[in-house]
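Asks: One file is attached below, data.csv, containing CSV, C-alpha atoms.
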chain,number,residue,atom,x,y,z
A,1,MET,CA,84.3,-147.2,-119.2
A,2,ALA,CA,84.8,-150.5,-121.0
A,3,SER,CA,81.7,-152.1,-122.7
A,4,GLU,CA,80.4,-155.4,-121.6
A,5,GLY,CA,82.0,-157.1,-124.6
A,6,ALA,CA,85.4,-155.5,-123.7
A,7,LYS,CA,85.1,-156.7,-120.2
A,8,GLN,CA,84.2,-160.2,-121.4
A,9,VAL,CA,87.3,-160.4,-123.6
A,10,GLU,CA,89.5,-159.3,-120.7
A,11,ASP,CA,88.0,-161.9,-118.4
A,12,THR,CA,88.5,-164.6,-121.0
A,13,LEU,CA,92.1,-163.6,-121.5
A,14,ARG,CA,92.8,-163.8,-117.8
A,15,ALA,CA,91.2,-167.2,-117.6
A,16,VAL,CA,93.2,-168.5,-120.6
A,17,LEU,CA,96.5,-167.3,-119.0
A,18,VAL,CA,95.6,-169.2,-115.8
A,19,ASP,CA,94.4,-172.3,-117.6
A,20,VAL,CA,97.1,-172.7,-120.3
A,21,LEU,CA,100.2,-171.5,-118.4
A,22,ALA,CA,99.0,-172.9,-115.0
A,23,LEU,CA,99.4,-169.5,-113.4
A,24,ASP,CA,97.9,-168.6,-110.0
A,25,GLN,CA,94.5,-167.0,-110.4
A,26,ALA,CA,95.3,-164.4,-107.8
A,27,GLN,CA,98.5,-163.4,-109.6
A,28,VAL,CA,96.7,-163.0,-112.9
A,29,ALA,CA,93.9,-161.0,-111.3
A,30,LEU,CA,96.5,-158.4,-110.5
A,31,PHE,CA,97.7,-158.0,-114.1
A,32,ASP,CA,97.1,-154.6,-115.6
A,33,GLU,CA,97.8,-153.1,-119.0
A,34,THR,CA,101.5,-152.6,-118.3
A,35,THR,CA,102.2,-156.1,-116.9
A,36,PRO,CA,104.9,-157.6,-119.1
A,37,LEU,CA,104.2,-161.1,-120.4
A,38,PHE,CA,106.6,-162.7,-122.9
A,39,GLY,CA,110.1,-162.6,-121.4
A,40,ALA,CA,108.8,-161.8,-118.0
A,41,LEU,CA,106.7,-164.9,-117.2
A,42,PRO,CA,108.9,-168.1,-117.1
A,43,GLU,CA,105.8,-170.1,-117.9
A,44,LEU,CA,105.3,-168.3,-121.2
A,45,ASP,CA,108.2,-169.5,-123.4
A,46,SER,CA,108.2,-170.1,-127.1
A,47,MET,CA,106.8,-173.6,-126.6
A,48,ALA,CA,103.8,-172.2,-124.8
A,49,VAL,CA,102.9,-169.5,-127.3
A,50,ALA,CA,101.1,-171.7,-129.8
A,51,GLY,CA,98.8,-173.2,-127.2
A,52,LEU,CA,98.1,-169.8,-125.7
A,53,LEU,CA,97.1,-168.3,-129.1
A,54,THR,CA,95.0,-171.3,-130.1
A,55,GLU,CA,93.1,-171.4,-126.8
A,56,ILE,CA,92.4,-167.6,-127.2
A,57,GLU,CA,91.1,-168.3,-130.7
A,58,GLU,CA,88.8,-171.1,-129.5
A,59,ARG,CA,87.4,-169.2,-126.5
A,60,LEU,CA,86.8,-166.0,-128.4
A,61,GLY,CA,85.6,-167.7,-131.5
A,62,ILE,CA,88.2,-165.8,-133.6
A,63,TRP,CA,90.8,-166.9,-136.2
A,64,ILE,CA,94.3,-165.3,-136.0
A,65,GLU,CA,96.1,-165.3,-139.4
A,66,ASP,CA,99.9,-165.9,-139.3
A,67,ASP,CA,100.6,-162.5,-140.7
A,68,GLU,CA,98.5,-160.9,-138.0
A,69,PHE,CA,100.6,-162.4,-135.2
A,70,GLU,CA,103.5,-160.2,-134.1
A,71,ALA,CA,105.7,-160.8,-131.1
A,72,GLU,CA,104.8,-157.4,-129.7
A,73,MET,CA,101.3,-158.7,-129.1
A,74,LEU,CA,102.6,-160.7,-126.2
A,75,GLU,CA,104.8,-158.0,-124.7
A,76,SER,CA,102.3,-156.9,-122.2
A,77,PHE,CA,98.8,-157.8,-121.0
A,78,GLY,CA,97.6,-154.5,-122.4
A,79,ALA,CA,99.0,-155.3,-125.9
A,80,LEU,CA,97.3,-158.7,-125.9
A,81,LEU,CA,94.1,-157.2,-124.7
A,82,ILE,CA,94.0,-154.6,-127.5
A,83,PHE,CA,94.7,-157.2,-130.1
A,84,ALA,CA,92.0,-159.6,-128.8
A,85,ARG,CA,89.4,-156.8,-128.5
A,86,ASP,CA,90.1,-155.7,-132.0
A,87,LYS,CA,89.6,-159.2,-133.3
A,88,ALA,CA,86.7,-160.3,-131.1
A,89,LEU,CA,84.6,-157.1,-131.1
A,90,GLN,CA,85.0,-155.9,-134.7
B,1,MET,CA,94.4,-210.1,-110.6
B,2,SER,CA,94.1,-206.6,-109.4
B,3,ALA,CA,91.2,-204.5,-110.9
B,4,LEU,CA,93.7,-201.7,-111.2
B,5,ALA,CA,96.2,-203.6,-113.5
B,6,PRO,CA,95.9,-202.6,-117.1
B,7,ARG,CA,95.7,-205.3,-119.7
B,8,PHE,CA,97.3,-205.2,-123.2
B,9,SER,CA,95.9,-206.7,-126.3
B,10,THR,CA,96.0,-206.1,-130.1
B,11,TYR,CA,93.5,-205.4,-132.9
B,12,ASN,CA,94.1,-205.9,-136.6
B,13,CYS,CA,93.9,-203.0,-139.0
B,14,GLY,CA,95.1,-202.6,-142.6
B,15,GLY,CA,97.2,-205.8,-142.3
B,16,GLY,CA,99.0,-204.5,-139.3
B,17,ARG,CA,98.5,-205.1,-135.5
B,18,GLU,CA,97.8,-202.2,-133.2
B,19,TRP,CA,97.9,-202.2,-129.4
B,20,LEU,CA,95.0,-201.6,-127.0
B,21,VAL,CA,95.3,-201.0,-123.3
B,22,SER,CA,92.3,-201.9,-121.2
B,23,HIS,CA,91.3,-201.1,-117.6
B,24,GLY,CA,88.5,-202.4,-115.5
B,25,PRO,CA,86.3,-205.6,-115.4
B,26,GLU,CA,85.8,-208.1,-118.2
B,27,ASP,CA,82.1,-207.9,-117.8
B,28,GLY,CA,79.9,-204.8,-117.5
B,29,ALA,CA,79.8,-201.8,-119.9
B,30,HIS,CA,82.7,-201.6,-122.4
B,31,VAL,CA,83.8,-198.1,-123.5
B,32,LEU,CA,86.3,-197.4,-126.3
B,33,ILE,CA,88.2,-194.2,-125.7
B,34,VAL,CA,89.1,-192.3,-128.9
B,35,PRO,CA,91.9,-190.1,-127.6
B,36,PRO,CA,93.1,-186.7,-128.6
B,37,LEU,CA,95.4,-186.7,-131.6
B,38,PHE,CA,99.2,-186.0,-132.0
B,39,GLU,CA,100.8,-183.8,-129.4
B,40,GLU,CA,97.5,-183.3,-127.6
B,41,LEU,CA,97.6,-187.0,-126.7
B,42,ASN,CA,101.0,-186.7,-125.1
B,43,ARG,CA,99.6,-183.9,-123.0
B,44,THR,CA,96.5,-185.8,-121.9
B,45,ARG,CA,97.9,-189.3,-121.3
B,46,GLN,CA,98.0,-188.8,-117.5
B,47,LEU,CA,94.4,-187.5,-117.6
B,48,LEU,CA,93.3,-190.5,-119.6
B,49,ALA,CA,95.0,-192.9,-117.2
B,50,GLN,CA,93.5,-191.2,-114.2
B,51,MET,CA,90.0,-191.3,-115.8
B,52,MET,CA,90.3,-194.9,-116.8
B,53,ARG,CA,91.3,-196.0,-113.3
B,54,ARG,CA,88.3,-194.1,-111.8
B,55,LEU,CA,86.0,-195.8,-114.3
B,56,ALA,CA,87.5,-199.2,-113.5
B,57,ALA,CA,86.8,-198.6,-109.8
B,58,ALA,CA,83.1,-197.8,-110.8
B,59,GLY,CA,82.9,-201.1,-112.6
B,60,ILE,CA,83.2,-199.8,-116.2
B,61,ALA,CA,85.8,-201.2,-118.6
B,62,THR,CA,87.7,-198.8,-120.9
B,63,HIS,CA,89.9,-199.5,-123.8
B,64,LEU,CA,92.4,-197.1,-125.3
B,65,PRO,CA,93.7,-198.0,-128.8
B,66,ASP,CA,96.9,-196.9,-130.6
B,67,LEU,CA,96.1,-195.5,-134.0
B,68,PRO,CA,98.0,-196.9,-137.0
B,69,GLY,CA,101.3,-195.1,-137.5
B,70,THR,CA,101.5,-193.9,-133.9
B,71,ALA,CA,103.0,-195.1,-130.6
B,72,GLU,CA,103.9,-198.8,-130.8
B,73,SER,CA,102.4,-199.3,-134.3
B,74,SER,CA,104.5,-201.3,-136.7
B,75,ARG,CA,103.8,-198.8,-139.4
B,76,THR,CA,104.8,-195.2,-139.9
B,77,LEU,CA,102.3,-192.4,-140.1
B,78,GLU,CA,103.7,-191.4,-143.4
B,79,ASP,CA,102.2,-194.6,-144.9
B,80,THR,CA,98.9,-194.3,-143.1
B,81,SER,CA,95.8,-192.5,-144.4
B,82,TRP,CA,93.1,-190.6,-142.5
B,83,SER,CA,90.5,-193.1,-143.7
B,84,GLU,CA,92.5,-195.9,-142.1
B,85,TRP,CA,92.4,-194.0,-138.8
B,86,ARG,CA,88.6,-193.9,-139.1
B,87,GLU,CA,88.5,-197.6,-140.0
B,88,ALA,CA,90.8,-198.4,-137.1
B,89,ILE,CA,88.2,-197.0,-134.6
B,90,ALA,CA,85.5,-199.2,-136.1
B,91,LEU,CA,87.8,-202.2,-135.9
B,92,ALA,CA,88.8,-201.4,-132.3
B,93,VAL,CA,85.1,-201.1,-131.3
B,94,GLN,CA,84.5,-204.6,-132.7
B,95,ALA,CA,87.7,-206.0,-131.1
B,96,VAL,CA,86.6,-205.1,-127.6
B,97,SER,CA,82.8,-205.4,-128.2
B,98,ALA,CA,82.3,-201.8,-127.0
B,99,SER,CA,78.7,-200.4,-126.9
B,100,TYR,CA,80.0,-197.0,-126.0
B,101,ILE,CA,82.6,-194.5,-127.3
B,102,VAL,CA,84.0,-191.6,-125.4
B,103,SER,CA,85.9,-189.4,-127.8
B,104,ILE,CA,88.1,-186.5,-126.7
B,105,ARG,CA,89.3,-183.5,-128.7
B,106,GLY,CA,90.4,-184.6,-132.2
B,107,GLY,CA,89.2,-188.1,-131.4
B,108,SER,CA,85.7,-186.8,-132.1
B,109,LEU,CA,86.7,-186.6,-135.8
B,110,LEU,CA,86.9,-190.4,-135.8
B,111,ASP,CA,84.0,-191.4,-133.5
B,112,ASP,CA,81.3,-191.8,-136.2
B,113,SER,CA,82.9,-194.7,-138.0
B,114,ALA,CA,81.4,-197.3,-135.6
B,115,ALA,CA,77.7,-196.6,-136.3
B,116,ASP,CA,76.2,-198.7,-133.6
B,117,ALA,CA,77.9,-197.2,-130.6
B,118,ASP,CA,76.6,-194.4,-128.4
B,119,VAL,CA,79.1,-191.5,-128.3
B,120,LEU,CA,80.0,-189.1,-125.6
B,121,ARG,CA,82.3,-186.3,-126.8
B,122,PHE,CA,84.5,-184.2,-124.6
B,123,ALA,CA,85.8,-180.9,-125.9
B,124,PRO,CA,85.5,-181.8,-129.6
B,125,THR,CA,87.3,-179.7,-132.1
B,126,GLU,CA,87.7,-179.3,-135.9
B,127,GLY,CA,90.6,-180.7,-137.8
B,128,LYS,CA,91.6,-177.4,-139.2
B,129,ARG,CA,92.1,-176.1,-135.7
B,130,LEU,CA,94.3,-179.0,-134.7
B,131,LEU,CA,96.4,-178.6,-137.8
B,132,ARG,CA,96.6,-174.9,-137.2
B,133,ASP,CA,97.9,-175.4,-133.7
B,134,MET,CA,100.5,-178.0,-134.9
B,135,VAL,CA,101.7,-175.6,-137.6
B,136,ARG,CA,101.9,-172.7,-135.2
B,137,ALA,CA,103.7,-174.8,-132.6
B,138,ARG,CA,106.4,-175.5,-135.2
B,139,SER,CA,106.6,-172.1,-136.8
B,140,VAL,CA,107.2,-170.2,-133.5
B,141,THR,CA,110.3,-172.3,-132.8
B,142,ASP,CA,111.5,-173.1,-136.3
B,143,LYS,CA,112.3,-170.0,-138.4
B,144,ALA,CA,112.9,-172.1,-141.5
B,145,PHE,CA,109.2,-173.2,-141.3
B,146,ASP,CA,108.1,-170.2,-143.3
B,147,SER,CA,105.0,-169.7,-145.5
B,148,THR,CA,106.5,-171.7,-148.4
B,149,ALA,CA,107.2,-174.6,-146.1
B,150,GLN,CA,103.7,-174.3,-144.6
B,151,LYS,CA,102.1,-174.4,-148.1
B,152,ALA,CA,104.1,-177.6,-148.8
B,153,ILE,CA,102.2,-179.3,-146.0
B,154,PHE,CA,99.3,-179.8,-148.5
B,155,ASP,CA,101.2,-180.3,-151.8
B,156,GLY,CA,104.6,-181.6,-150.8
B,157,GLY,CA,105.7,-183.2,-147.6
B,158,PRO,CA,105.6,-185.3,-145.6
B,159,THR,CA,106.0,-182.5,-143.0
B,160,LEU,CA,107.0,-183.0,-139.4
B,161,LEU,CA,104.0,-181.9,-137.3
B,162,GLY,CA,103.3,-182.7,-133.7
B,163,GLY,CA,106.2,-185.1,-133.8
B,164,TYR,CA,105.0,-187.2,-136.8
B,165,PRO,CA,105.7,-187.1,-140.5
B,166,VAL,CA,102.4,-186.1,-141.9
B,167,SER,CA,101.7,-186.7,-145.6
B,168,ALA,CA,100.0,-184.1,-147.8
B,169,ALA,CA,97.0,-186.3,-148.3
B,170,PHE,CA,96.7,-186.9,-144.5
B,171,ALA,CA,97.0,-183.2,-143.8
B,172,SER,CA,94.4,-182.3,-146.4
B,173,ALA,CA,92.0,-184.8,-144.9
B,174,LEU,CA,92.6,-183.6,-141.4
B,175,ARG,CA,92.0,-180.0,-142.5
B,176,GLN,CA,88.6,-181.0,-143.8
B,177,ALA,CA,87.5,-183.1,-140.9
B,178,GLU,CA,84.7,-182.0,-138.6
B,179,PRO,CA,82.8,-183.9,-135.9
B,180,ALA,CA,79.9,-185.6,-137.5
B,181,ASP,CA,76.3,-184.7,-136.5
B,182,SER,CA,74.4,-187.6,-135.0
B,183,ALA,CA,71.5,-188.2,-132.7
B,184,LYS,CA,73.6,-190.8,-130.9
B,185,VAL,CA,76.1,-188.1,-129.8
B,186,GLN,CA,76.2,-186.1,-126.5
B,187,THR,CA,78.8,-183.4,-126.1
B,188,ILE,CA,80.3,-182.0,-122.9
B,189,ARG,CA,82.8,-179.2,-122.7
B,190,LEU,CA,85.0,-177.3,-120.3
B,191,GLU,CA,83.5,-174.2,-118.7
B,192,GLY,CA,84.6,-171.2,-120.9
B,193,ASP,CA,84.4,-173.2,-124.1
B,194,PRO,CA,81.7,-171.5,-126.2
B,195,GLY,CA,80.9,-174.4,-128.4
B,196,PRO,CA,77.5,-176.3,-128.1
B,197,ALA,CA,77.3,-178.7,-125.3
B,198,TYR,CA,74.6,-180.3,-123.0
B,199,ARG,CA,76.9,-180.1,-120.0
B,200,HIS,CA,80.0,-178.0,-119.0
B,201,ILE,CA,82.5,-179.2,-116.4
B,202,ALA,CA,85.3,-177.3,-114.6
B,203,GLY,CA,88.9,-178.0,-115.3
B,204,PRO,CA,92.0,-176.9,-117.2
B,205,PRO,CA,92.5,-177.6,-121.0
B,206,LEU,CA,95.5,-179.9,-120.3
B,207,TRP,CA,96.0,-180.4,-124.1
B,208,ARG,CA,97.2,-176.8,-124.4
B,209,ARG,CA,99.9,-177.1,-121.7
B,210,ALA,CA,103.5,-177.4,-123.0
B,211,GLU,CA,104.3,-179.1,-119.7
B,212,PRO,CA,102.2,-182.3,-119.5
B,213,ALA,CA,100.3,-182.7,-116.3
B,214,GLY,CA,97.3,-184.6,-115.0
B,215,SER,CA,94.3,-183.3,-113.1
B,216,PRO,CA,92.7,-185.6,-110.6
B,217,GLU,CA,89.8,-183.2,-110.3
B,218,LEU,CA,89.1,-183.1,-114.0
B,219,ALA,CA,89.6,-186.9,-114.3
B,220,SER,CA,87.0,-187.4,-111.5
B,221,ALA,CA,84.6,-185.0,-113.1
B,222,LEU,CA,84.9,-186.7,-116.5
B,223,ALA,CA,84.6,-190.2,-115.0
B,224,GLN,CA,81.4,-189.1,-113.2
B,225,GLU,CA,79.9,-187.7,-116.4
B,226,ILE,CA,80.6,-191.0,-118.1
B,227,VAL,CA,79.1,-193.0,-115.3
B,228,ASN,CA,75.9,-190.8,-115.4
B,229,TRP,CA,75.8,-191.0,-119.2
B,230,ILE,CA,76.0,-194.8,-119.2
B,231,GLY,CA,73.4,-194.9,-116.4
Hey, can you dump this file as structure tokens for me?

Replies:
Amino acid sequence: MASEGAKQVEDTLRAVLVDVLALDQAQVALFDETTPLFGALPELDSMAVAGLLTEIEERLGIWIEDDEFEAEMLESFGALLIFARDKALQ
Amino acid sequence: MSALAPRFSTYNCGGGREWLVSHGPEDGAHVLIVPPLFEELNRTRQLLAQMMRRLAAAGIATHLPDLPGTAESSRTLEDTSWSEWREAIALAVQAVSASYIVSIRGGSLLDDSAADADVLRFAPTEGKRLLRDMVRARSVTDKAFDSTAQKAIFDGGPTLLGGYPVSAAFASALRQAEPADSAKVQTIRLEGDPGPAYRHIAGPPLWRRAEPAGSPELASALAQEIVNWIG
């Protein structure tokens, strides 16, 4: 079972996806770890990536170094969640 | 004249003339808006316009200045310093006789240059985070903007960031800039923003959206906060 912190990171990521990409809240609520993101969501193009990452940083109070960012991080909701939890809960 | 028609005027700064757009009555409370910086301003222009119209309807006058080297300025940003931006806000406050400042996002890095005004900050941020976002926005779409090119932001340049040629001195000053502590400042933030605030309001962080859009709900909530704050 996920800890309270892990749940909080997940809730924050869902809220950021809704707020930054203007996605429907009901759609994002259905995302699971296998849901593809980059390349699958028309709203998440390369222009939107920077804003998404920066908003995640601000809401989680983390700092993502350039060399930590890899495109694979945005491949699925699960991959983004693993990265964000590693950074936020370390 | 319709209360909804914006008025245009100028203020002098550093030997140049910069534009101001004003909404609302000539009498009553005057508020200088210190807007978000660079690309974040483009993304929030509609929000600012919606908010200013709502405040005008509530009898509050708002004034939105262009900063030197941006928008319709006769100068280029390359030839403008960070300290001139700070000075510009103090001069704009004088030009419109504002007793109040509402600063938004990066505008909060400039709002302490007019010492007499009361300040309401919305979603303030640090200069290093703004710079970071601009660097990232370019690096994800421009492969040639590699670590060497990014290092040159601070010792070479000027570097094209957020649509403007930013000099090394300007970038270095922005990186250091933080909202100043002051007893005359109140801060409100969006729900979900973990930073310190006396109030949180609901709404989307429009400055993050690649597709610019307004938000009538957020504009109304902000306007109401400002009305309550002025009292």

Asks: Using all atoms listed in the file, pick whichever of A:Leu52, A:Thr35, A:Pro42, A:Gly5 has the shortest atom-to-atom distance to Val18 (chain A).

Replies: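 Answer, going by the shortest atom-to-atom distance: A:Leu52.
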
Asks: If you count all atoms listed in the file, which residues fall within 12 Å of Leu80 (chain A), apart from same-chain ones fewer than 6 positions away, as number ranges by chain?

Replies: A: 9-10, 12-14, 16-17, 31-38, 52-53, 56, 69-74, 86-88

Asks: May I have the residues from that selection written out with C-alpha atoms, as a PDB file, keeping the file's coordinate frame?

Replies:
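For reference, out-v9.pdb as written:
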ATOM      1  CA  VAL A   9      87.300-160.400-123.600  1.00  0.00           C
ATOM      2  CA  GLU A  10      89.500-159.300-120.700  1.00  0.00           C
ATOM      3  CA  THR A  12      88.500-164.600-121.000  1.00  0.00           C
ATOM      4  CA  LEU A  13      92.100-163.600-121.500  1.00  0.00           C
ATOM      5  CA  ARG A  14      92.800-163.800-117.800  1.00  0.00           C
ATOM      6  CA  VAL A  16      93.200-168.500-120.600  1.00  0.00           C
ATOM      7  CA  LEU A  17      96.500-167.300-119.000  1.00  0.00           C
ATOM      8  CA  PHE A  31      97.700-158.000-114.100  1.00  0.00           C
ATOM      9  CA  ASP A  32      97.100-154.600-115.600  1.00  0.00           C
ATOM     10  CA  GLU A  33      97.800-153.100-119.000  1.00  0.00           C
ATOM     11  CA  THR A  34     101.500-152.600-118.300  1.00  0.00           C
ATOM     12  CA  THR A  35     102.200-156.100-116.900  1.00  0.00           C
ATOM     13  CA  PRO A  36     104.900-157.600-119.100  1.00  0.00           C
ATOM     14  CA  LEU A  37     104.200-161.100-120.400  1.00  0.00           C
ATOM     15  CA  PHE A  38     106.600-162.700-122.900  1.00  0.00           C
ATOM     16  CA  LEU A  52      98.100-169.800-125.700  1.00  0.00           C
ATOM     17  CA  LEU A  53      97.100-168.300-129.100  1.00  0.00           C
ATOM     18  CA  ILE A  56      92.400-167.600-127.200  1.00  0.00           C
ATOM     19  CA  PHE A  69     100.600-162.400-135.200  1.00  0.00           C
ATOM     20  CA  GLU A  70     103.500-160.200-134.100  1.00  0.00           C
ATOM     21  CA  ALA A  71     105.700-160.800-131.100  1.00  0.00           C
ATOM     22  CA  GLU A  72     104.800-157.400-129.700  1.00  0.00           C
ATOM     23  CA  MET A  73     101.300-158.700-129.100  1.00  0.00           C
ATOM     24  CA  LEU A  74     102.600-160.700-126.200  1.00  0.00           C
ATOM     25  CA  ASP A  86      90.100-155.700-132.000  1.00  0.00           C
ATOM     26  CA  LYS A  87      89.600-159.200-133.300  1.00  0.00           C
ATOM     27  CA  ALA A  88      86.700-160.300-131.100  1.00  0.00           C
TER      28      ALA A  88
END

Asks: Would you list which chain B residues are within 7 Å of chain A using only C-alpha atoms, as a PyMOL selection string?

Replies: chain B and resi 133+136-137+140-141+192-194+204-205+208-210

Asks: Pick out the residues sitting within 9 Å of region 55-62 of chain B, and hand them over as number ranges by chain; count all atoms listed in the file, and ignore anything fewer than 5 positions along from it in its own chain.

Replies: B: 3-4, 21-33, 50, 98, 220, 223-224, 226-227

Asks: Between CA of Arg175 (chain B) and CA of Asp112 (chain B), what is the spacing in Å?

Replies: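 Distance between the two atoms: 17.1 Å.
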
Asks: CA of Phe122 (chain B) and CA of Pro165 (chain B) are how many Å apart?

Replies: 26.7 Å

Asks: Please measure the separation of CA of Gly156 (chain B) and CA of Glu78 (chain B), giving the value in Å to one decimal.

Replies: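 Separating CA of Gly156 (chain B) from CA of Glu78 (chain B) is a distance of 12.3 Å.
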